[in-house]
Every structure is written in C-alpha cells, then in structure tokens.
Number of protein chains: 2
Amino acid sequence: MATAEKLSAIINGVNVNNLFTTIDAIKACPATAKFKFRIQNQWEGGSQNHSTVGEFYGAGQERSRPNPIVLTADEPAILLGKDAAANPVEHLLHALASCLTTSMVYHAAARGICIEEVESSFEGDLDLHGFLDLDRNVRKGYQGIRVNFKIKADVADEQLQEIASLGTGHSPVFDSLTNGVPVSVNAERL
Amino acid sequence: MATAEKLSAIINGVNVNNLFTTIDAIKACPATAKFKFRIQNQWEGGSQNHSTVGEFYGAGQERSRPNPIVLTADEPAILLGKDAAANPVEHLLHALASCLTTSMVYHAAARGICIEEVESSFEGDLDLHGFLDLDRNVRKGYQGIRVNFKIKADVADEQLQEIASLGTGHSPVFDSLTNGVPVSVNAERL
C-alpha cells in the first residue's frame, strides 16, 4: 500500500493501518498480544469508594499514564448512599456499552465499513431478594440485560445486523459477562 | 429498639436501621425488591464514547437523579485510542472492585462488624489473539482476574477471611461476572 493511501486509512476514527500493524506484530511475536489491566480501589466509607487506573502491561512492556484516572462509585439514597456517583451495577453497564461500541467500530473499520453514528441503551434487572439473602432462589447479580443499538450507516438492513454482531462477536466485556470469568480473591490484614 | 439507639446505628458509614427497614419493606411487599438499572451510550468516534446514567426503577417507582452522571471511555495509544479515559475492561474492573467493597461493608455493618479501612487491587489477563480473531482457542474476554483485599478491622485472622467472603458472597457484579448473565442485543437503524 502506498504511503498516501496509508495516511488516509482512517475509518470510523480508527487508524486501520495501525490496526493491521498491530496484527502483524502479534503474528511475528505472539507474546505481544498479552495484556494485564489493573486498578486499585480505596474505600471512603459507607457506599463510597474510588478506583485509580494507572499503569497496565501490554505489547511486551509495562505502560504508565501521565495522569492516573480516578473512577468513583456510590449508591443512590434508596440504596443507602449519597448518590454522588454511578453505582457498581451501573458501572458494569457502562463497561459493557463502551466495549460493545468500540469493538463494533474497530472491527467495522477493519472491514472497510463506515459507520456514521451509534447510540445504545442498556437495561438490567436486579432483585434485592438475592443481595439481601431473603430468597436463595434469587441470584445476587443481574438476571438479564437488554441492549438496543441504533446505528447510522449507508448499508442494507441485513448488514446493519452484521455490524451489531461485530460488537457482540468480539467485545472482551461482552464475552466476560455472558460467559463468566474466574475471579480469585485473597484477603490480608492492612 | 429505642429511638436513641436507632439514631446511633451507623456502622461502616451505613445506616443499619435503614438497611433493616429496607428488608422489612421487601418482606411486606416483595415487589419492592425489583430494580432496573439503565444507561445510554453515545459513540463519539474511534475509541471514544460516553454513557449517561440518569433514571432507574426501584422500590416500586421510577427514580431520577437531579443531574445525570456521565461516564467516559477511551483506549490507550497502544490500542489505537487517545487515552482520555479508562478503557472498557478497566471499567469492568472498577465495577467489580466497587461492588465487592460496598457489598462487604454493607453486610459487615448488618452483622455489627466494624471495618476501619479497605484497600484492594485488581488485575485481569487479556490476550488480543481473541479480540483480533487470530486464534479461535483464545477467548475474547478476560482469562482470569486476581483480587487482593487489605482490610483493617479489630478482628481475628479467620474473621478477616469471613469479612472478605461477605463481599464475594453478596456482590451483584461478582455474581454477574463469575457466573455470567444473559444479554439480549437488538439493532435498528438510527
């Protein structure tokens, strides 16, 4: 591909050449694909805590950010909080929404499919009988989540569904949440 | 319980009387336990999008917040983003961290266990061979997540582990993530 073409290969805001360069780098050195993402959380009292997102490991080396990102959490008053931030299960929906969207537009870009706009809405059902130990038959977590994507793209109706399936078919958070992830928990004295 | 005692029943920053009032309300009217949490997401281009967290349904009625909360998402440069926000899989770790912490301190409060401080760290493994369709045997999502809690409380060592298990045993995000959630996705034209 000529240099001029490479420079113009921005689709959906994604530099497609860099995407293919990443793929080539992984093919040449499979360990490049290994990433470790990390956060540290600090309890502030009651329903409030925050996470600090700083360094991560990827493409063969430790990587730091110039300024760590702080993510907050609280609960609404009805759940005994001060409503100063989104609550944990709302953060989970944001993780899912952001991952489905990014996965969709990246993979569409790799296929040369231009997307103009994307909006989506997410709703999840929780029954407090689980969290509060009031009914063993009710799970603690979400019983189900419904997602609705609205996509603006100059494609046929059937390709609209294919675009959406690029998200569900590749999203790390969608895979993690729908198929489950092993989580090991250690506790020690501070 | 006398009024004076009720007023003083704040443990771990949690109003324990309100917690028990919630439990009594659910026992009297089981539908009170039903919650629906919601977000709307808007793609901004490339790796960037944001979610708006506003109203939710809980305890028998629709509930709105005076000011909607905005949660952002981006990717670091190595993943073709501008690093203006945490990425989706980091948001997933924050959802897990905040939920484990809140679940732990709420359930400890309900049992009269005072916790002084809580810190925790989270690390998850991702292999891009999955996301990039380079190896069908590698999953798209987290392969595993490791959690380390540090807890300051005036309890015996064995009770320290029990406190941590109050988090894993009740957290809606931990349950959702470890056991999986059915997610239905619809797509339509914008």
# chains A, B, ... in the order shown; residues from 1 in each chain; ligands from 1
>>> residues_around(residues="stretch 138-155 of chain A", least_positions_apart="3", cutoff="8 Å", atoms="only C-alpha atoms", output="PyMOL selection string")
(chain A and resi 114-131+135+159-160+164) or (chain B and resi 170-176+181-190)
>>> write_last_selection(atoms="N, CA and C atoms", output="mmCIF file, in the first residue's frame")
data_model
loop_
_atom_site.group_PDB
_atom_site.id
_atom_site.type_symbol
_atom_site.label_atom_id
_atom_site.label_comp_id
_atom_site.auth_asym_id
_atom_site.auth_seq_id
_atom_site.Cartn_x
_atom_site.Cartn_y
_atom_site.Cartn_z
ATOM 1 N N CYS A 114 -18.009 1.928 6.860
ATOM 2 C CA CYS A 114 -18.082 3.239 7.513
ATOM 3 C C CYS A 114 -19.358 3.352 8.343
ATOM 4 N N ILE A 115 -19.198 3.716 9.591
ATOM 5 C CA ILE A 115 -20.337 3.949 10.489
ATOM 6 C C ILE A 115 -20.383 5.443 10.780
ATOM 7 N N GLU A 116 -21.589 6.011 10.692
ATOM 8 C CA GLU A 116 -21.710 7.458 10.915
ATOM 9 C C GLU A 116 -22.032 7.807 12.368
ATOM 10 N N GLU A 117 -22.988 7.078 12.939
ATOM 11 C CA GLU A 117 -23.390 7.363 14.315
ATOM 12 C C GLU A 117 -23.794 6.071 15.010
ATOM 13 N N VAL A 118 -23.572 6.019 16.317
ATOM 14 C CA VAL A 118 -24.031 4.885 17.127
ATOM 15 C C VAL A 118 -24.558 5.414 18.457
ATOM 16 N N GLU A 119 -25.754 4.997 18.792
ATOM 17 C CA GLU A 119 -26.313 5.242 20.119
ATOM 18 C C GLU A 119 -26.786 3.899 20.656
ATOM 19 N N SER A 120 -26.771 3.740 21.961
ATOM 20 C CA SER A 120 -27.263 2.472 22.508
ATOM 21 C C SER A 120 -27.835 2.683 23.898
ATOM 22 N N SER A 121 -28.777 1.828 24.264
ATOM 23 C CA SER A 121 -29.363 1.879 25.608
ATOM 24 C C SER A 121 -29.286 0.494 26.235
ATOM 25 N N PHE A 122 -29.102 0.484 27.543
ATOM 26 C CA PHE A 122 -28.863 -0.747 28.299
ATOM 27 C C PHE A 122 -29.771 -0.753 29.523
ATOM 28 N N GLU A 123 -30.397 -1.889 29.791
ATOM 29 C CA GLU A 123 -31.225 -2.025 30.994
ATOM 30 C C GLU A 123 -31.007 -3.405 31.588
ATOM 31 N N GLY A 124 -30.739 -3.444 32.894
ATOM 32 C CA GLY A 124 -30.514 -4.719 33.579
ATOM 33 C C GLY A 124 -31.442 -4.877 34.773
ATOM 34 N N ASP A 125 -31.883 -6.122 35.006
ATOM 35 C CA ASP A 125 -32.827 -6.422 36.090
ATOM 36 C C ASP A 125 -32.100 -6.997 37.301
ATOM 37 N N LEU A 126 -32.348 -6.387 38.440
ATOM 38 C CA LEU A 126 -31.806 -6.889 39.710
ATOM 39 C C LEU A 126 -32.954 -7.054 40.703
ATOM 40 N N ASP A 127 -32.903 -8.133 41.476
ATOM 41 C CA ASP A 127 -33.907 -8.364 42.518
ATOM 42 C C ASP A 127 -33.150 -8.450 43.849
ATOM 43 N N LEU A 128 -33.438 -7.506 44.757
ATOM 44 C CA LEU A 128 -32.696 -7.423 46.022
ATOM 45 C C LEU A 128 -32.918 -8.617 46.951
ATOM 46 N N HIS A 129 -33.904 -9.478 46.626
ATOM 47 C CA HIS A 129 -34.038 -10.710 47.415
ATOM 48 C C HIS A 129 -32.729 -11.498 47.423
ATOM 49 N N GLY A 130 -31.948 -11.376 46.326
ATOM 50 C CA GLY A 130 -30.661 -12.070 46.268
ATOM 51 C C GLY A 130 -29.628 -11.412 47.157
ATOM 52 N N PHE A 131 -29.351 -10.141 46.916
ATOM 53 C CA PHE A 131 -28.320 -9.410 47.672
ATOM 54 C C PHE A 131 -28.583 -9.454 49.175
ATOM 55 N N ASP A 135 -33.994 -14.691 49.657
ATOM 56 C CA ASP A 135 -34.511 -15.815 48.870
ATOM 57 C C ASP A 135 -33.327 -16.475 48.160
ATOM 58 N N GLN A 159 -27.037 -5.960 6.610
ATOM 59 C CA GLN A 159 -25.667 -5.638 7.030
ATOM 60 C C GLN A 159 -25.664 -4.864 8.349
ATOM 61 N N LEU A 160 -26.787 -4.185 8.656
ATOM 62 C CA LEU A 160 -26.902 -3.485 9.932
ATOM 63 C C LEU A 160 -26.792 -4.486 11.093
ATOM 64 N N ALA A 164 -23.784 -4.952 14.075
ATOM 65 C CA ALA A 164 -24.007 -5.130 15.516
ATOM 66 C C ALA A 164 -23.333 -6.403 16.015
ATOM 67 N N HIS B 170 -22.048 -11.811 48.237
ATOM 68 C CA HIS B 170 -23.248 -10.974 48.041
ATOM 69 C C HIS B 170 -23.171 -10.020 46.853
ATOM 70 N N SER B 171 -21.979 -9.760 46.340
ATOM 71 C CA SER B 171 -21.820 -8.722 45.306
ATOM 72 C C SER B 171 -22.552 -9.053 44.012
ATOM 73 N N PRO B 172 -23.474 -8.206 43.588
ATOM 74 C CA PRO B 172 -24.147 -8.427 42.295
ATOM 75 C C PRO B 172 -23.184 -8.461 41.102
ATOM 76 N N VAL B 173 -22.144 -7.624 41.106
ATOM 77 C CA VAL B 173 -21.209 -7.647 39.968
ATOM 78 C C VAL B 173 -20.352 -8.910 40.006
ATOM 79 N N PHE B 174 -19.914 -9.329 41.205
ATOM 80 C CA PHE B 174 -19.122 -10.568 41.303
ATOM 81 C C PHE B 174 -19.940 -11.752 40.805
ATOM 82 N N ASP B 175 -21.191 -11.831 41.227
ATOM 83 C CA ASP B 175 -22.058 -12.919 40.756
ATOM 84 C C ASP B 175 -22.247 -12.835 39.243
ATOM 85 N N SER B 176 -22.539 -11.619 38.748
ATOM 86 C CA SER B 176 -22.761 -11.447 37.305
ATOM 87 C C SER B 176 -21.535 -11.873 36.509
ATOM 88 N N VAL B 181 -24.222 -13.624 32.687
ATOM 89 C CA VAL B 181 -25.559 -13.008 32.614
ATOM 90 C C VAL B 181 -26.062 -13.135 31.177
ATOM 91 N N PRO B 182 -27.328 -13.510 30.983
ATOM 92 C CA PRO B 182 -27.873 -13.467 29.622
ATOM 93 C C PRO B 182 -28.050 -12.018 29.161
ATOM 94 N N VAL B 183 -27.481 -11.714 27.988
ATOM 95 C CA VAL B 183 -27.564 -10.352 27.431
ATOM 96 C C VAL B 183 -28.211 -10.456 26.051
ATOM 97 N N SER B 184 -29.350 -9.814 25.864
ATOM 98 C CA SER B 184 -30.001 -9.803 24.549
ATOM 99 C C SER B 184 -29.695 -8.491 23.852
ATOM 100 N N VAL B 185 -29.351 -8.574 22.577
ATOM 101 C CA VAL B 185 -28.932 -7.388 21.826
ATOM 102 C C VAL B 185 -29.801 -7.215 20.593
ATOM 103 N N ASN B 186 -30.407 -6.053 20.474
ATOM 104 C CA ASN B 186 -31.185 -5.686 19.289
ATOM 105 C C ASN B 186 -30.464 -4.540 18.573
ATOM 106 N N ALA B 187 -30.589 -4.512 17.240
ATOM 107 C CA ALA B 187 -30.002 -3.406 16.480
ATOM 108 C C ALA B 187 -31.022 -2.860 15.507
ATOM 109 N N GLU B 188 -31.106 -1.556 15.411
ATOM 110 C CA GLU B 188 -32.014 -0.926 14.456
ATOM 111 C C GLU B 188 -31.323 0.275 13.822
ATOM 112 N N ARG B 189 -31.949 0.784 12.790
ATOM 113 C CA ARG B 189 -31.358 1.908 12.068
ATOM 114 C C ARG B 189 -31.632 3.212 12.816
ATOM 115 N N LEU B 190 -30.606 4.053 12.895
ATOM 116 C CA LEU B 190 -30.764 5.378 13.523
ATOM 117 C C LEU B 190 -31.232 6.361 12.470
#
>>> residues_around(residues="stretch 58-73 of chain B", least_positions_apart="4", cutoff="7 Å", atoms="only C-alpha atoms", output="JSON list (two decimals) with N, CA, C and O atoms, in the first residue's frame")
[["chain", "number", "residue", "atom", "x", "y", "z"],
["A", 85, "ALA", "N", -22.17, 9.41, 42.72],
["A", 85, "ALA", "CA", -21.53, 8.76, 41.57],
["A", 85, "ALA", "C", -22.43, 7.62, 41.11],
["A", 85, "ALA", "O", -23.38, 7.24, 41.81],
["A", 86, "ALA", "N", -22.15, 7.06, 39.95],
["A", 86, "ALA", "CA", -22.86, 5.87, 39.48],
["A", 86, "ALA", "C", -22.59, 4.72, 40.44],
["A", 86, "ALA", "O", -21.56, 4.68, 41.12],
["A", 98, "SER", "N", -19.52, 0.50, 26.49],
["A", 98, "SER", "CA", -18.33, 1.07, 25.86],
["A", 98, "SER", "C", -17.57, 0.00, 25.09],
["A", 98, "SER", "O", -17.03, 0.26, 24.00],
["B", 31, "ALA", "N", -42.40, -7.04, 45.74],
["B", 31, "ALA", "CA", -42.10, -6.30, 44.51],
["B", 31, "ALA", "C", -41.17, -5.11, 44.75],
["B", 31, "ALA", "O", -40.54, -4.61, 43.81],
["B", 32, "THR", "N", -41.08, -4.69, 46.01],
["B", 32, "THR", "CA", -40.17, -3.59, 46.38],
["B", 32, "THR", "C", -38.73, -3.91, 46.00],
["B", 32, "THR", "O", -37.91, -3.01, 45.77],
["B", 33, "ALA", "N", -38.40, -5.20, 45.93],
["B", 33, "ALA", "CA", -37.02, -5.62, 45.68],
["B", 33, "ALA", "C", -36.59, -5.51, 44.23],
["B", 33, "ALA", "O", -35.42, -5.66, 43.90],
["B", 34, "LYS", "N", -37.54, -5.24, 43.33],
["B", 34, "LYS", "CA", -37.23, -5.22, 41.90],
["B", 34, "LYS", "C", -36.60, -3.89, 41.49],
["B", 34, "LYS", "O", -37.20, -2.83, 41.70],
["B", 35, "PHE", "N", -35.43, -3.97, 40.90],
["B", 35, "PHE", "CA", -34.74, -2.78, 40.38],
["B", 35, "PHE", "C", -34.41, -2.97, 38.90],
["B", 35, "PHE", "O", -34.15, -4.10, 38.45],
["B", 36, "LYS", "N", -34.43, -1.87, 38.18],
["B", 36, "LYS", "CA", -33.94, -1.86, 36.80],
["B", 36, "LYS", "C", -32.95, -0.71, 36.69],
["B", 36, "LYS", "O", -33.32, 0.45, 36.89],
["B", 48, "GLN", "N", -13.61, 6.44, 21.41],
["B", 48, "GLN", "CA", -14.23, 7.25, 22.46],
["B", 48, "GLN", "C", -15.76, 7.18, 22.44],
["B", 48, "GLN", "O", -16.38, 7.32, 21.39],
["B", 49, "ASN", "N", -16.33, 6.98, 23.59],
["B", 49, "ASN", "CA", -17.77, 7.03, 23.76],
["B", 49, "ASN", "C", -18.06, 7.36, 25.22],
["B", 49, "ASN", "O", -17.18, 7.31, 26.07],
["B", 50, "HIS", "N", -19.31, 7.75, 25.49],
["B", 50, "HIS", "CA", -19.66, 8.04, 26.89],
["B", 50, "HIS", "C", -21.06, 7.53, 27.19],
["B", 50, "HIS", "O", -21.91, 7.43, 26.29],
["B", 51, "SER", "N", -21.27, 7.21, 28.45],
["B", 51, "SER", "CA", -22.58, 6.76, 28.91],
["B", 51, "SER", "C", -23.19, 7.81, 29.83],
["B", 51, "SER", "O", -22.48, 8.45, 30.60],
["B", 52, "THR", "N", -24.50, 7.95, 29.75],
["B", 52, "THR", "CA", -25.24, 8.83, 30.65],
["B", 52, "THR", "C", -26.06, 7.95, 31.59],
["B", 52, "THR", "O", -26.79, 7.06, 31.15],
["B", 53, "VAL", "N", -25.88, 8.19, 32.87],
["B", 53, "VAL", "CA", -26.55, 7.41, 33.91],
["B", 53, "VAL", "C", -27.54, 8.34, 34.59],
["B", 53, "VAL", "O", -27.13, 9.30, 35.25],
["B", 54, "GLY", "N", -28.82, 8.10, 34.39],
["B", 54, "GLY", "CA", -29.81, 9.01, 34.95],
["B", 54, "GLY", "C", -30.82, 8.26, 35.80],
["B", 54, "GLY", "O", -30.55, 7.87, 36.92],
["B", 85, "ALA", "N", -9.54, 8.50, 28.78],
["B", 85, "ALA", "CA", -10.40, 7.90, 29.82],
["B", 85, "ALA", "C", -9.99, 6.45, 30.01],
["B", 85, "ALA", "O", -9.22, 5.90, 29.21],
["B", 86, "ALA", "N", -10.50, 5.83, 31.07],
["B", 86, "ALA", "CA", -10.26, 4.39, 31.26],
["B", 86, "ALA", "C", -10.90, 3.62, 30.11],
["B", 86, "ALA", "O", -11.86, 4.08, 29.49],
["B", 87, "ASN", "N", -10.34, 2.45, 29.82],
["B", 87, "ASN", "CA", -10.93, 1.67, 28.74],
["B", 87, "ASN", "C", -12.00, 0.71, 29.28],
["B", 87, "ASN", "O", -12.16, 0.55, 30.50],
["B", 88, "PRO", "N", -12.78, 0.10, 28.40],
["B", 88, "PRO", "CA", -13.92, -0.71, 28.87],
["B", 88, "PRO", "C", -13.53, -1.83, 29.85],
["B", 88, "PRO", "O", -14.26, -2.06, 30.83]]
>>> residues_around(residues="A:Lys82", least_positions_apart="4", cutoff="10 Å", atoms="only C-alpha atoms", output="PDB file with N, CA and C atoms, in the first residue's frame")
ATOM      1  N   GLY A  46     -18.954   3.874  54.002  1.00  0.00           N
ATOM      2  CA  GLY A  46     -20.314   3.618  53.518  1.00  0.00           C
ATOM      3  C   GLY A  46     -20.328   3.126  52.090  1.00  0.00           C
ATOM      4  N   SER A  47     -21.121   3.780  51.284  1.00  0.00           N
ATOM      5  CA  SER A  47     -21.361   3.371  49.901  1.00  0.00           C
ATOM      6  C   SER A  47     -20.345   3.932  48.917  1.00  0.00           C
ATOM      7  N   GLN A  48     -19.362   4.677  49.434  1.00  0.00           N
ATOM      8  CA  GLN A  48     -18.455   5.404  48.535  1.00  0.00           C
ATOM      9  C   GLN A  48     -17.059   4.797  48.479  1.00  0.00           C
ATOM     10  N   ASP A  74     -20.783   5.218  44.131  1.00  0.00           N
ATOM     11  CA  ASP A  74     -21.653   5.497  45.269  1.00  0.00           C
ATOM     12  C   ASP A  74     -22.946   4.710  45.038  1.00  0.00           C
ATOM     13  N   GLU A  75     -23.928   4.911  45.885  1.00  0.00           N
ATOM     14  CA  GLU A  75     -25.254   4.333  45.692  1.00  0.00           C
ATOM     15  C   GLU A  75     -26.277   5.454  45.802  1.00  0.00           C
ATOM     16  N   PRO A  76     -27.419   5.308  45.154  1.00  0.00           N
ATOM     17  CA  PRO A  76     -28.490   6.291  45.362  1.00  0.00           C
ATOM     18  C   PRO A  76     -29.045   6.183  46.792  1.00  0.00           C
ATOM     19  N   ALA A  77     -29.812   7.193  47.208  1.00  0.00           N
ATOM     20  CA  ALA A  77     -30.336   7.250  48.583  1.00  0.00           C
ATOM     21  C   ALA A  77     -31.169   6.009  48.922  1.00  0.00           C
ATOM     22  N   ILE A  78     -31.954   5.521  47.975  1.00  0.00           N
ATOM     23  CA  ILE A  78     -32.813   4.359  48.225  1.00  0.00           C
ATOM     24  C   ILE A  78     -31.984   3.118  48.548  1.00  0.00           C
TER      25      ILE A  78
END
>>> select_by_dssp(residues="stretch 7-177 of chain B", states="helix (DSSP H, G or I)", output="PyMOL selection string")
chain B and resi 7+16-28+30-33+77-79+88-110+128-131+157-168+172-177
>>> atom_distance(atom1="atom CA of A:Leu100", atom2="atom CA of A:Tyr57")
22.3 Å
>>> atom_distance(atom1="atom CA of B:His94", atom2="atom CA of A:Ile39")
7.0 Å
>>> select_by_dssp(residues="stretch 9-173 of chain B", states="strand (DSSP E)", output="MDAnalysis selection string")
chainID B and resid 10:11 14:15 34:45 48:53 56:58 61:63 69:73 117:127 144:152
>>> atom_distance(atom1="atom CA of A:Phe56", atom2="atom CA of A:Cys99")
17.6 Å
>>> residues_around(residues="B:Leu92", least_positions_apart="3", cutoff="8 Å", atoms="only C-alpha atoms", output="short mmCIF file (atom, residue, chain, number, x, y, z; two decimals) with all heavy atoms, in the first residue's frame")
data_model
loop_
_atom_site.label_atom_id
_atom_site.label_comp_id
_atom_site.auth_asym_id
_atom_site.auth_seq_id
_atom_site.Cartn_x
_atom_site.Cartn_y
_atom_site.Cartn_z
N HIS A 91 -21.94 0.98 36.62
CA HIS A 91 -20.60 0.92 36.01
C HIS A 91 -20.44 -0.32 35.14
O HIS A 91 -19.79 -0.28 34.10
CB HIS A 91 -19.51 0.96 37.10
CG HIS A 91 -19.26 2.32 37.65
ND1 HIS A 91 -18.66 3.32 36.91
CD2 HIS A 91 -19.53 2.88 38.85
CE1 HIS A 91 -18.55 4.42 37.64
NE2 HIS A 91 -19.08 4.18 38.82
N LEU A 92 -21.04 -1.42 35.59
CA LEU A 92 -20.96 -2.65 34.79
C LEU A 92 -21.64 -2.45 33.43
O LEU A 92 -21.12 -2.88 32.39
CB LEU A 92 -21.61 -3.81 35.56
CG LEU A 92 -21.56 -5.19 34.88
CD1 LEU A 92 -20.13 -5.65 34.67
CD2 LEU A 92 -22.33 -6.22 35.71
N ALA A 95 -19.31 -0.42 31.27
CA ALA A 95 -18.21 -1.26 30.75
C ALA A 95 -18.70 -2.05 29.53
O ALA A 95 -18.01 -2.12 28.50
CB ALA A 95 -17.72 -2.21 31.84
N LEU A 96 -19.90 -2.61 29.64
CA LEU A 96 -20.47 -3.39 28.54
C LEU A 96 -20.76 -2.50 27.32
O LEU A 96 -20.40 -2.85 26.19
CB LEU A 96 -21.75 -4.08 29.02
CG LEU A 96 -22.51 -4.93 28.00
CD1 LEU A 96 -21.65 -6.08 27.48
CD2 LEU A 96 -23.80 -5.46 28.60
N VAL A 173 -15.63 -7.41 27.08
CA VAL A 173 -16.55 -7.32 28.23
C VAL A 173 -17.79 -8.16 27.98
O VAL A 173 -18.28 -8.85 28.89
CB VAL A 173 -16.92 -5.86 28.54
CG1 VAL A 173 -18.00 -5.80 29.62
CG2 VAL A 173 -15.70 -5.07 28.99
N PRO B 88 -12.78 0.10 28.40
CA PRO B 88 -13.92 -0.71 28.87
C PRO B 88 -13.53 -1.83 29.85
O PRO B 88 -14.26 -2.06 30.83
CB PRO B 88 -14.48 -1.28 27.55
CG PRO B 88 -14.19 -0.21 26.54
CD PRO B 88 -12.82 0.30 26.92
N VAL B 89 -12.42 -2.51 29.61
CA VAL B 89 -12.08 -3.62 30.52
C VAL B 89 -11.55 -3.10 31.86
O VAL B 89 -11.62 -3.82 32.86
CB VAL B 89 -11.11 -4.63 29.87
CG1 VAL B 89 -11.81 -5.36 28.72
CG2 VAL B 89 -9.82 -3.97 29.38
N ALA B 95 -16.09 -1.72 38.22
CA ALA B 95 -17.43 -2.20 38.61
C ALA B 95 -17.30 -3.33 39.63
O ALA B 95 -18.00 -3.36 40.64
CB ALA B 95 -18.20 -2.69 37.37
N LEU B 96 -16.36 -4.24 39.37
CA LEU B 96 -16.15 -5.37 40.27
C LEU B 96 -15.62 -4.90 41.63
O LEU B 96 -16.10 -5.32 42.69
CB LEU B 96 -15.18 -6.36 39.63
CG LEU B 96 -14.81 -7.60 40.44
CD1 LEU B 96 -16.03 -8.45 40.76
CD2 LEU B 96 -13.76 -8.44 39.70
#
>>> residues_around(residues="A:Thr21", least_positions_apart="6", cutoff="12 Å", atoms="only C-alpha atoms", output="list in words")
Lys6, Asn15, Lys27, Ala28, Thr32 and Ala110 of chain A; Ile78, Leu79, Leu80 and Leu132 of chain B
>>> write_last_selection(atoms="N, CA, C and O atoms", output="PDB file, in the first residue's frame")
ATOM      1  N   LYS A   6      -1.906   4.933   2.949  1.00  0.00           N
ATOM      2  CA  LYS A   6      -1.795   4.607   4.373  1.00  0.00           C
ATOM      3  C   LYS A   6      -2.253   5.774   5.240  1.00  0.00           C
ATOM      4  O   LYS A   6      -2.965   5.612   6.210  1.00  0.00           O
ATOM      5  N   ASN A  15      -7.436   4.280  13.065  1.00  0.00           N
ATOM      6  CA  ASN A  15      -6.339   4.175  12.120  1.00  0.00           C
ATOM      7  C   ASN A  15      -6.169   2.697  11.739  1.00  0.00           C
ATOM      8  O   ASN A  15      -5.581   1.908  12.484  1.00  0.00           O
ATOM      9  N   LYS A  27       1.463 -11.490  15.022  1.00  0.00           N
ATOM     10  CA  LYS A  27       1.803 -12.694  14.249  1.00  0.00           C
ATOM     11  C   LYS A  27       3.310 -12.969  14.331  1.00  0.00           C
ATOM     12  O   LYS A  27       3.743 -14.112  14.412  1.00  0.00           O
ATOM     13  N   ALA A  28       4.117 -11.892  14.306  1.00  0.00           N
ATOM     14  CA  ALA A  28       5.573 -12.048  14.371  1.00  0.00           C
ATOM     15  C   ALA A  28       6.028 -12.437  15.768  1.00  0.00           C
ATOM     16  O   ALA A  28       6.989 -13.195  15.932  1.00  0.00           O
ATOM     17  N   THR A  32       3.286 -10.447  22.164  1.00  0.00           N
ATOM     18  CA  THR A  32       2.836  -9.054  22.059  1.00  0.00           C
ATOM     19  C   THR A  32       1.363  -8.907  22.413  1.00  0.00           C
ATOM     20  O   THR A  32       0.914  -7.849  22.836  1.00  0.00           O
ATOM     21  N   ALA A 110     -11.938  -2.319  10.226  1.00  0.00           N
ATOM     22  CA  ALA A 110     -11.023  -3.306   9.623  1.00  0.00           C
ATOM     23  C   ALA A 110     -11.607  -3.901   8.346  1.00  0.00           C
ATOM     24  O   ALA A 110     -10.872  -4.368   7.478  1.00  0.00           O
TER      25      ALA A 110
ATOM     26  N   ILE B  78      -1.586   2.509  22.527  1.00  0.00           N
ATOM     27  CA  ILE B  78      -1.178   1.193  22.022  1.00  0.00           C
ATOM     28  C   ILE B  78      -2.394   0.407  21.504  1.00  0.00           C
ATOM     29  O   ILE B  78      -2.252  -0.500  20.677  1.00  0.00           O
ATOM     30  N   LEU B  79      -3.596   0.799  21.974  1.00  0.00           N
ATOM     31  CA  LEU B  79      -4.828   0.180  21.473  1.00  0.00           C
ATOM     32  C   LEU B  79      -5.618   1.179  20.606  1.00  0.00           C
ATOM     33  O   LEU B  79      -6.845   1.148  20.541  1.00  0.00           O
ATOM     34  N   LEU B  80      -4.868   2.075  19.965  1.00  0.00           N
ATOM     35  CA  LEU B  80      -5.372   2.972  18.922  1.00  0.00           C
ATOM     36  C   LEU B  80      -6.303   4.072  19.434  1.00  0.00           C
ATOM     37  O   LEU B  80      -7.112   4.606  18.666  1.00  0.00           O
ATOM     38  N   LEU B 132      -8.740 -10.101  18.163  1.00  0.00           N
ATOM     39  CA  LEU B 132      -8.332  -9.873  16.776  1.00  0.00           C
ATOM     40  C   LEU B 132      -8.564 -11.089  15.864  1.00  0.00           C
ATOM     41  O   LEU B 132      -8.090 -11.107  14.719  1.00  0.00           O
TER      42      LEU B 132
END
>>> residues_around(residues="B:Ala108", least_positions_apart="3", cutoff="10 Å", atoms="only C-alpha atoms", output="PDB file with C-alpha atoms, in the first residue's frame")
ATOM      1  CA  ILE B  11     -21.735   1.162  61.206  1.00  0.00           C
ATOM      2  CA  ASN B  12     -19.091   1.421  58.455  1.00  0.00           C
ATOM      3  CA  VAL B  14     -24.001   2.518  56.642  1.00  0.00           C
ATOM      4  CA  THR B 102     -19.763  -1.957  49.036  1.00  0.00           C
ATOM      5  CA  SER B 103     -21.254  -5.434  49.432  1.00  0.00           C
ATOM      6  CA  MET B 104     -18.636  -6.305  52.040  1.00  0.00           C
ATOM      7  CA  VAL B 105     -19.055  -3.185  54.180  1.00  0.00           C
ATOM      8  CA  ARG B 111     -23.694  -8.068  61.384  1.00  0.00           C
ATOM      9  CA  GLY B 112     -22.296  -5.334  63.633  1.00  0.00           C
ATOM     10  CA  ILE B 113     -18.714  -5.817  62.347  1.00  0.00           C
ATOM     11  CA  CYS B 114     -16.811  -2.519  62.268  1.00  0.00           C
ATOM     12  CA  ILE B 115     -14.332  -2.087  59.405  1.00  0.00           C
ATOM     13  CA  GLU B 162     -15.153 -14.122  56.625  1.00  0.00           C
ATOM     14  CA  ILE B 163     -15.404 -10.371  56.081  1.00  0.00           C
ATOM     15  CA  ALA B 164     -13.926 -10.722  52.585  1.00  0.00           C
ATOM     16  CA  LEU B 166     -19.260 -11.229  52.675  1.00  0.00           C
ATOM     17  CA  GLY B 167     -18.219  -9.337  49.544  1.00  0.00           C
TER      18      GLY B 167
END
